[in-house]
Structures are given as C-alpha cells and as structure tokens.
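Here's data13.csv, which has CSV, C-alpha atoms:
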chain,number,residue,atom,x,y,z
A,1,MET,CA,27.4,-19.5,6.2
A,2,PRO,CA,27.7,-15.9,7.6
A,3,THR,CA,26.2,-14.5,4.3
A,4,TYR,CA,23.1,-16.0,2.5
A,5,ARG,CA,20.5,-15.1,-0.1
A,6,ASP,CA,16.8,-15.7,-0.1
A,7,GLU,CA,13.5,-14.5,-1.5
A,8,VAL,CA,11.4,-12.7,1.0
A,9,VAL,CA,8.1,-10.9,1.5
A,10,VAL,CA,8.4,-7.8,3.7
A,11,LEU,CA,5.8,-8.1,6.6
A,12,ARG,CA,6.5,-5.1,8.6
A,13,THR,CA,9.2,-2.5,9.5
A,14,HIS,CA,10.3,-0.5,12.5
A,15,LYS,CA,12.5,2.5,12.8
A,16,LEU,CA,15.9,2.0,14.3
A,17,GLY,CA,18.0,5.1,15.2
A,18,GLU,CA,18.0,8.0,12.7
A,19,ALA,CA,18.4,6.2,9.4
A,20,ASP,CA,18.0,2.5,9.9
A,21,ARG,CA,15.0,0.1,10.0
A,22,ILE,CA,14.4,-3.4,11.4
A,23,VAL,CA,12.6,-5.4,8.7
A,24,THR,CA,10.6,-8.5,9.5
A,25,MET,CA,10.3,-10.8,6.5
A,26,LEU,CA,8.9,-14.2,5.5
A,27,SER,CA,11.5,-15.9,3.4
A,28,ARG,CA,11.2,-18.8,1.1
A,29,ARG,CA,13.9,-21.1,2.6
A,30,HIS,CA,14.8,-19.6,6.1
A,31,GLY,CA,11.4,-19.0,7.7
A,32,LYS,CA,10.8,-15.7,9.3
A,33,VAL,CA,13.8,-13.3,9.3
A,34,ARG,CA,14.4,-10.1,11.3
A,35,ALA,CA,17.2,-8.0,9.9
A,36,VAL,CA,18.6,-4.5,10.1
A,37,ALA,CA,18.5,-2.4,6.9
A,38,LYS,CA,21.1,0.3,7.4
A,39,GLY,CA,20.5,3.7,6.0
A,40,VAL,CA,17.3,2.9,4.2
A,41,ARG,CA,15.5,5.9,5.6
A,42,ARG,CA,17.9,8.3,3.8
A,43,THR,CA,16.8,9.7,0.5
A,44,SER,CA,20.0,8.4,-1.0
A,45,SER,CA,19.3,4.8,-0.1
A,46,LYS,CA,19.6,2.4,-3.1
A,47,PHE,CA,17.2,-0.2,-1.8
A,48,GLY,CA,15.0,1.4,0.8
A,49,ALA,CA,11.8,1.3,-1.4
A,50,ARG,CA,12.4,-2.4,-2.0
A,51,LEU,CA,12.1,-3.2,1.7
A,52,GLU,CA,8.6,-1.7,2.4
A,53,PRO,CA,5.6,-3.9,3.5
A,54,PHE,CA,4.0,-6.0,0.7
A,55,MET,CA,7.2,-6.0,-1.4
A,56,VAL,CA,8.8,-9.2,-2.6
A,57,ALA,CA,12.6,-9.1,-3.0
A,58,ASP,CA,15.7,-11.2,-3.5
A,59,VAL,CA,17.9,-10.2,-0.6
A,60,GLN,CA,21.5,-10.9,0.5
A,61,LEU,CA,21.9,-11.0,4.3
A,62,TYR,CA,24.8,-11.2,6.7
A,63,GLN,CA,24.0,-13.5,9.7
A,64,GLY,CA,24.4,-11.5,12.9
A,65,ARG,CA,24.2,-12.5,16.6
A,66,SER,CA,20.7,-11.3,17.2
A,67,LEU,CA,19.7,-9.6,14.0
A,68,ASP,CA,20.8,-10.2,10.5
A,69,ILE,CA,22.0,-7.3,8.3
A,70,VAL,CA,20.6,-6.6,4.8
A,71,GLN,CA,23.4,-6.2,2.4
A,72,GLN,CA,21.6,-6.2,-1.0
A,73,ALA,CA,17.9,-6.2,-2.1
A,74,GLU,CA,16.6,-6.7,-5.6
A,75,SER,CA,12.9,-6.3,-6.4
A,76,LEU,CA,11.0,-9.4,-7.5
A,77,GLY,CA,7.4,-8.0,-7.0
A,78,SER,CA,6.6,-4.4,-6.6
A,79,TYR,CA,3.1,-4.8,-5.2
A,80,GLY,CA,3.1,-2.1,-2.6
A,81,ALA,CA,2.1,0.9,-4.7
A,82,ALA,CA,-0.9,-0.9,-6.2
A,83,ILE,CA,-2.0,-2.2,-2.8
A,84,VAL,CA,-1.8,1.1,-0.9
A,85,ALA,CA,-3.6,3.0,-3.6
A,86,ASP,CA,-6.9,1.1,-2.7
A,87,TYR,CA,-8.3,1.0,0.8
A,88,ASP,CA,-9.8,-2.5,0.5
A,89,ARG,CA,-6.6,-4.0,-0.9
A,90,TYR,CA,-4.5,-2.2,1.7
A,91,THR,CA,-6.5,-3.5,4.7
A,92,ALA,CA,-6.7,-7.0,3.3
A,93,ALA,CA,-3.0,-7.1,2.7
A,94,HIS,CA,-2.3,-5.9,6.2
A,95,ALA,CA,-4.4,-8.7,7.6
A,96,MET,CA,-2.5,-11.2,5.4
A,97,VAL,CA,1.0,-10.1,6.5
A,98,GLU,CA,-0.1,-9.9,10.1
A,99,THR,CA,-1.3,-13.5,9.9
A,100,ALA,CA,2.0,-14.5,8.3
A,101,ASP,CA,3.8,-12.8,11.0
A,102,ARG,CA,2.0,-14.8,13.6
A,103,LEU,CA,3.3,-18.1,12.2
A,104,ASN,CA,5.9,-19.8,14.4
A,105,GLU,CA,9.1,-20.9,12.8
A,106,ALA,CA,7.9,-24.5,12.3
A,107,GLU,CA,4.9,-23.1,10.3
A,108,ALA,CA,6.9,-20.6,8.2
A,109,THR,CA,7.4,-23.0,5.3
A,110,PRO,CA,8.1,-22.4,1.6
A,111,GLN,CA,4.4,-23.1,0.9
A,112,GLN,CA,3.4,-20.3,3.3
A,113,TYR,CA,5.8,-18.0,1.5
A,114,LEU,CA,4.4,-18.9,-1.9
A,115,LEU,CA,0.8,-18.6,-0.7
A,116,LEU,CA,1.4,-15.1,0.7
A,117,VAL,CA,3.2,-14.0,-2.5
A,118,GLY,CA,0.3,-15.3,-4.6
A,119,GLY,CA,-2.3,-13.5,-2.4
A,120,LEU,CA,-0.4,-10.1,-2.6
A,121,ARG,CA,0.0,-10.5,-6.3
A,122,THR,CA,-3.7,-11.1,-6.7
A,123,LEU,CA,-4.6,-8.1,-4.6
A,124,ALA,CA,-2.2,-5.8,-6.6
A,125,GLN,CA,-3.6,-7.0,-9.9
A,126,GLY,CA,-7.2,-6.3,-8.9
A,127,GLY,CA,-10.1,-8.1,-10.5
A,128,ARG,CA,-11.0,-10.0,-7.3
A,129,GLU,CA,-12.9,-8.8,-4.3
A,130,SER,CA,-10.2,-8.0,-1.7
A,131,ARG,CA,-12.1,-9.7,1.2
A,132,SER,CA,-12.5,-12.9,-0.8
A,133,VAL,CA,-8.8,-13.0,-1.6
A,134,LEU,CA,-8.2,-12.5,2.2
A,135,ASP,CA,-10.6,-15.2,3.2
A,136,SER,CA,-9.1,-17.6,0.7
A,137,TYR,CA,-5.6,-16.8,2.1
A,138,LEU,CA,-6.7,-17.3,5.7
A,139,LEU,CA,-8.3,-20.7,5.1
A,140,ARG,CA,-5.3,-21.9,3.1
A,141,ALA,CA,-2.8,-20.6,5.6
A,142,MET,CA,-4.6,-22.3,8.4
A,143,SER,CA,-4.6,-25.5,6.4
A,144,LEU,CA,-0.9,-25.4,5.7
A,145,SER,CA,-0.3,-24.9,9.5
A,146,GLY,CA,-2.2,-28.1,10.2
A,147,TRP,CA,-5.5,-26.5,11.1
A,148,ALA,CA,-7.5,-27.3,8.0
A,149,PRO,CA,-11.2,-26.7,8.8
A,150,ALA,CA,-13.7,-29.4,8.3
A,151,LEU,CA,-16.1,-28.1,5.7
A,152,PHE,CA,-18.2,-31.1,4.8
A,153,ASP,CA,-18.1,-34.0,7.2
A,154,CYS,CA,-18.6,-33.4,11.0
A,155,ALA,CA,-15.4,-32.1,12.6
A,156,ARG,CA,-16.2,-33.9,15.8
A,157,CYS,CA,-17.7,-37.3,15.0
A,158,GLY,CA,-16.9,-37.6,11.3
A,159,ALA,CA,-20.5,-38.1,10.3
A,160,ALA,CA,-20.9,-37.6,6.5
A,161,GLY,CA,-22.0,-34.1,5.5
A,162,PRO,CA,-22.9,-31.6,4.5
A,163,HIS,CA,-24.0,-30.2,7.9
A,164,ASP,CA,-25.8,-27.1,9.0
A,165,TRP,CA,-23.6,-25.8,11.9
A,166,PHE,CA,-20.1,-24.2,12.1
A,167,VAL,CA,-18.1,-24.1,15.4
A,168,ALA,CA,-14.6,-22.7,15.1
A,169,GLN,CA,-13.6,-24.2,18.5
A,170,LEU,CA,-14.5,-27.7,17.2
A,171,GLY,CA,-12.7,-27.4,13.9
A,172,GLY,CA,-15.4,-26.4,11.4
A,173,VAL,CA,-18.8,-27.8,10.5
A,174,VAL,CA,-20.5,-30.2,12.9
A,175,CYS,CA,-23.7,-32.3,12.7
A,176,ASP,CA,-26.9,-31.7,14.6
A,177,ASP,CA,-25.8,-34.1,17.4
A,178,CYS,CA,-22.5,-32.5,18.0
A,179,ALA,CA,-23.5,-28.8,17.7
A,180,PRO,CA,-23.6,-27.1,21.1
A,181,ALA,CA,-26.2,-24.5,21.9
A,182,GLY,CA,-25.6,-21.2,20.2
A,183,SER,CA,-23.7,-22.6,17.2
A,184,ALA,CA,-23.7,-20.6,14.0
A,185,ARG,CA,-26.0,-22.0,11.4
A,186,LEU,CA,-24.3,-22.7,8.1
A,187,ARG,CA,-26.5,-22.1,5.0
A,188,PRO,CA,-25.8,-24.4,2.0
A,189,GLU,CA,-24.6,-21.5,-0.1
A,190,THR,CA,-22.2,-20.4,2.6
A,191,GLY,CA,-20.8,-23.9,3.0
A,192,ALA,CA,-20.3,-24.2,-0.8
A,193,LEU,CA,-18.5,-20.8,-0.8
A,194,LEU,CA,-16.1,-21.8,2.0
A,195,ARG,CA,-15.2,-24.9,0.1
A,196,ALA,CA,-14.7,-22.9,-3.1
A,197,LEU,CA,-12.4,-20.4,-1.2
A,198,VAL,CA,-10.2,-23.3,-0.1
A,199,ALA,CA,-10.1,-24.9,-3.5
A,200,GLY,CA,-9.6,-21.6,-5.4
A,201,GLU,CA,-12.8,-22.1,-7.4
A,202,TRP,CA,-13.2,-18.4,-8.3
A,203,ASP,CA,-16.2,-18.8,-10.6
A,204,VAL,CA,-18.1,-20.0,-7.5
A,205,VAL,CA,-16.6,-17.3,-5.3
A,206,ASP,CA,-17.4,-14.5,-7.8
A,207,ALA,CA,-21.0,-15.7,-8.2
A,208,ALA,CA,-21.7,-15.8,-4.5
A,209,THR,CA,-24.4,-13.5,-3.0
A,210,HIS,CA,-23.6,-10.7,-0.7
A,211,ALA,CA,-25.2,-12.6,2.2
A,212,ALA,CA,-23.1,-15.7,1.6
A,213,THR,CA,-19.9,-13.6,1.3
A,214,ALA,CA,-20.6,-11.7,4.5
A,215,SER,CA,-21.4,-14.9,6.4
A,216,ALA,CA,-18.4,-16.8,5.1
A,217,SER,CA,-16.1,-13.9,6.0
A,218,GLY,CA,-17.3,-13.8,9.6
A,219,LEU,CA,-16.8,-17.5,10.0
A,220,VAL,CA,-13.3,-17.4,8.4
A,221,ALA,CA,-12.3,-14.6,10.7
A,222,ALA,CA,-13.6,-16.4,13.8
A,223,TYR,CA,-11.8,-19.6,12.8
A,224,ALA,CA,-8.5,-18.0,12.0
A,225,GLN,CA,-8.4,-15.9,15.2
A,226,TRP,CA,-9.4,-18.9,17.4
A,227,HIS,CA,-6.4,-20.9,16.1
A,228,LEU,CA,-4.0,-18.0,16.3
A,229,GLU,CA,-5.1,-17.6,19.9
A,230,ARG,CA,-5.5,-13.8,19.7
A,231,GLY,CA,-7.2,-11.4,17.4
A,232,ILE,CA,-5.9,-10.3,14.0
A,233,ARG,CA,-6.0,-6.5,14.7
A,234,SER,CA,-6.1,-5.6,11.0
A,235,LEU,CA,-9.4,-7.5,10.5
A,236,SER,CA,-11.2,-4.7,12.3
A,237,HIS,CA,-10.4,-2.4,9.4
A,238,VAL,CA,-11.4,-4.8,6.6
A,239,GLU,CA,-14.7,-4.1,4.8
A,240,SER,CA,-17.0,-7.1,4.6
A,241,THR,CA,-19.3,-5.6,2.1
A,242,ARG,CA,-19.0,-6.1,-1.7
Please go through the file and, once you have read it, give me the structure as structure tokens.
Amino acid sequence: MPTYRDEVVVLRTHKLGEADRIVTMLSRRHGKVRAVAKGVRRTSSKFGARLEPFMVADVQLYQGRSLDIVQQAESLGSYGAAIVADYDRYTAAHAMVETADRLNEAEATPQQYLLLVGGLRTLAQGGRESRSVLDSYLLRAMSLSGWAPALFDCARCGAAGPHDWFVAQLGGVVCDDCAPAGSARLRPETGALLRALVAGEWDVVDAATHAATASASGLVAAYAQWHLERGIRSLSHVESTR
C-alpha cells in the first residue's frame, strides 16, 4: 500500500531545505520510520507542532522510494511541552528516545513503542524521579531486545542468588567464583532496587536511598551502553542525584 497510517513517537528531527524536516519516528506497527514532513517549519503549518521530539501522533504517510512523506498528523499525546519545561525530564527523555533510535528494525516492536510512550507519559506527568523513570525504561528496553540482565542468579554459571557482584559484560550479577577482578560490588539494597525498576514496583523505587539510586543508575547506564555497543550521548547530561 503506497499510503498507510500508524501511531508514532517522534524521536528526532533534521532540517531539510528551507521549510521541510526529516522526522525519525518509532511506530507501533512499522518499526522505525524516516519521513519528510513538508512545510512544517513555516508558521502556517497545520501539523508542525505535532511532529516535534517526544510527541505521540497518529500519522498518515505516503510510501516513498527512500523516505516516506507525512501527509497528515493528529496528536495523541502532547508530552513535549511538559518535558522541555523541566531539565531533568528533558535530559531523561532525550536519553530514552536516543536509546529507541538505536534499536535495529528487528527490535523496533510494538512492545518497544508502548514502553517508550509509557515512559514519556510518566515523565510529562511528573510525580516520579526522572532518573528512575529512565533507569526503568532502559532495563525494560534491553529486556525486550533480548538482553534482559540477570539480577538474582549468576549470569555466568546460574548459581542461585542473590549475589554481590555486577558485571555488564557478563550479563548482570555474578557469583564470587565468576566475578573477575575489579567487578562492581552490588549492595543488597541496590540489587533490590534494580529488580524493582524492572518489575515497576514504584513503592520500592521511591523508598530507595540516594546511595542505592546513584549506584543503580551507574550500573544501568553501563549495562545499556555495553549492549548498544556505543555510548548514549544524552546520558552525560542526566543528573544522577535526587
């Protein structure tokens, strides 16, 4: 079909010519989509504001040879304004959409779309620490991509946990026998927090100490960046303090 509709999250945009933009989107049914939005930089554009980063929209696209063309866009979630108004939300959201943009086509599933929409909605609504929302998103996104971290039993030998070491390169927590020299020690509270972030147990997350939160964030960042094979640039701007 040369024309199709889908729900999308806008990940990033690039200027094209004097009035157009190239919009990169994560869609619900068609994976990642790159399309030209013509005339959206003009003040008279009817849907330019609906195609900004962090926005969720129902779009109609025309299938082109190299880039599709956006024909219509209706807003489904106007999260951008609330996110950009707060620095912590803004930097966390940037790290989330950058991570989503790194997904290859096989990983850009409907579940990844729904996870990202839920994360952006939570950031826009406030009420949760932005870094914790980001950490939860990163762990779940890695899990959906087939890289679920071991957070209880040993990732290397399968020995029953809990264990006291975390090694991103080995897949998560490891036992004393499998931990190489220089491994990061995992305190019990940090291990419990990591499991709560994956499970969405926000009462545990909200009650965590500053030390546990900072430690968990560092481990989550190391784990995500190891499996994505290159750094998430936006993480350098994310505040780890609460």
| task | Could you jot down the CA of Gly119 (chain A) to CA of Leu186 (chain A) separation for me, Å, one decimal place? | result | 26.1 Å
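Remark: for Ala192 (chain A), the closest of the candidate residues A:Gly172, A:Pro162, A:Gly146, A:Pro180 is A:Pro162 (distances computed over all atoms listed in the file).
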Cut-off 6 Å around (-11.0, -1.8, 2.1) with only C-alpha atoms: residues as a short mmCIF file (atom, residue, chain, number, x, y, z; two decimals) with C-alpha atoms, in the frame of the given file:
data_model
loop_
_atom_site.label_atom_id
_atom_site.label_comp_id
_atom_site.auth_asym_id
_atom_site.auth_seq_id
_atom_site.Cartn_x
_atom_site.Cartn_y
_atom_site.Cartn_z
CA TYR A 87 -8.30 1.00 0.80
CA ASP A 88 -9.80 -2.50 0.50
CA ARG A 89 -6.60 -4.00 -0.90
CA THR A 91 -6.50 -3.50 4.70
CA VAL A 238 -11.40 -4.80 6.60
CA GLU A 239 -14.70 -4.10 4.80
#
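Using only C-alpha atoms, the smallest distance between any of A:Leu51, A:Ala159, A:Ile232, A:Val198 and Glu7 (chain A) comes from A:Leu51.
Using all atoms listed in the file, the shortest contact distance between Leu228 (chain A) and any of A:Gln169, A:Thr109, A:Ser130, A:Thr24 is found at A:Gln169.
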| field | Who sits within 10 Å of Thr122 (chain A), all atoms listed in the file, same chain under 4 positions skipped, as number ranges by chain | value | A: 79, 83, 89, 116-118, 126-130, 133
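You can rank A:Ala124, A:Val56, A:Leu193, A:Leu170 by their closest distance to Thr209 (chain A) using only C-alpha atoms, and at the top of that list sits A:Leu193.
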| For Ala150 (chain A), which residue among A:Tyr223, A:Ser136, A:Val8, A:His94 is the nearest when counting only C-alpha atoms? | A:Tyr223
| request: Find the residues around Glu52 (chain A) up to 12 Å (only C-alpha atoms counted), leave out those fewer than 3 positions away in its own chain, and share them as a ChimeraX atom specification. | output: /A:8-15,21-25,37,40-41,47-49,55-57,73,75,77-81,83-84
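Considering the residues A:Asp176, A:Ala184, A:Ala35, A:Ser145 and counting only C-alpha atoms, Arg102 (chain A) has its shortest atom-to-atom contact with A:Ser145.
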| field | d(CA of Arg50 (chain A), CA of Arg131 (chain A)) in Å | value | 25.8 Å
Could you give me, as a short mmCIF file (atom, residue, chain, number, x, y, z; two decimals) with C-alpha atoms, keeping the file's coordinate frame, the residues that have an atom at most 10 Å away from the point (-18.1, -34.3, 5.6) in the coordinates of the file, using all atoms listed in the file?
data_model
loop_
_atom_site.label_atom_id
_atom_site.label_comp_id
_atom_site.auth_asym_id
_atom_site.auth_seq_id
_atom_site.Cartn_x
_atom_site.Cartn_y
_atom_site.Cartn_z
CA ALA A 150 -13.70 -29.40 8.30
CA LEU A 151 -16.10 -28.10 5.70
CA PHE A 152 -18.20 -31.10 4.80
CA ASP A 153 -18.10 -34.00 7.20
CA CYS A 154 -18.60 -33.40 11.00
CA ALA A 155 -15.40 -32.10 12.60
CA CYS A 157 -17.70 -37.30 15.00
CA GLY A 158 -16.90 -37.60 11.30
CA ALA A 159 -20.50 -38.10 10.30
CA ALA A 160 -20.90 -37.60 6.50
CA GLY A 161 -22.00 -34.10 5.50
CA PRO A 162 -22.90 -31.60 4.50
CA HIS A 163 -24.00 -30.20 7.90
CA VAL A 173 -18.80 -27.80 10.50
CA VAL A 174 -20.50 -30.20 12.90
CA CYS A 175 -23.70 -32.30 12.70
#
| said: Just to confirm, what's the straight-line distance from CA of Leu115 (chain A) to CA of Arg187 (chain A) in Å (one decimal)? | reply: 28.1 Å
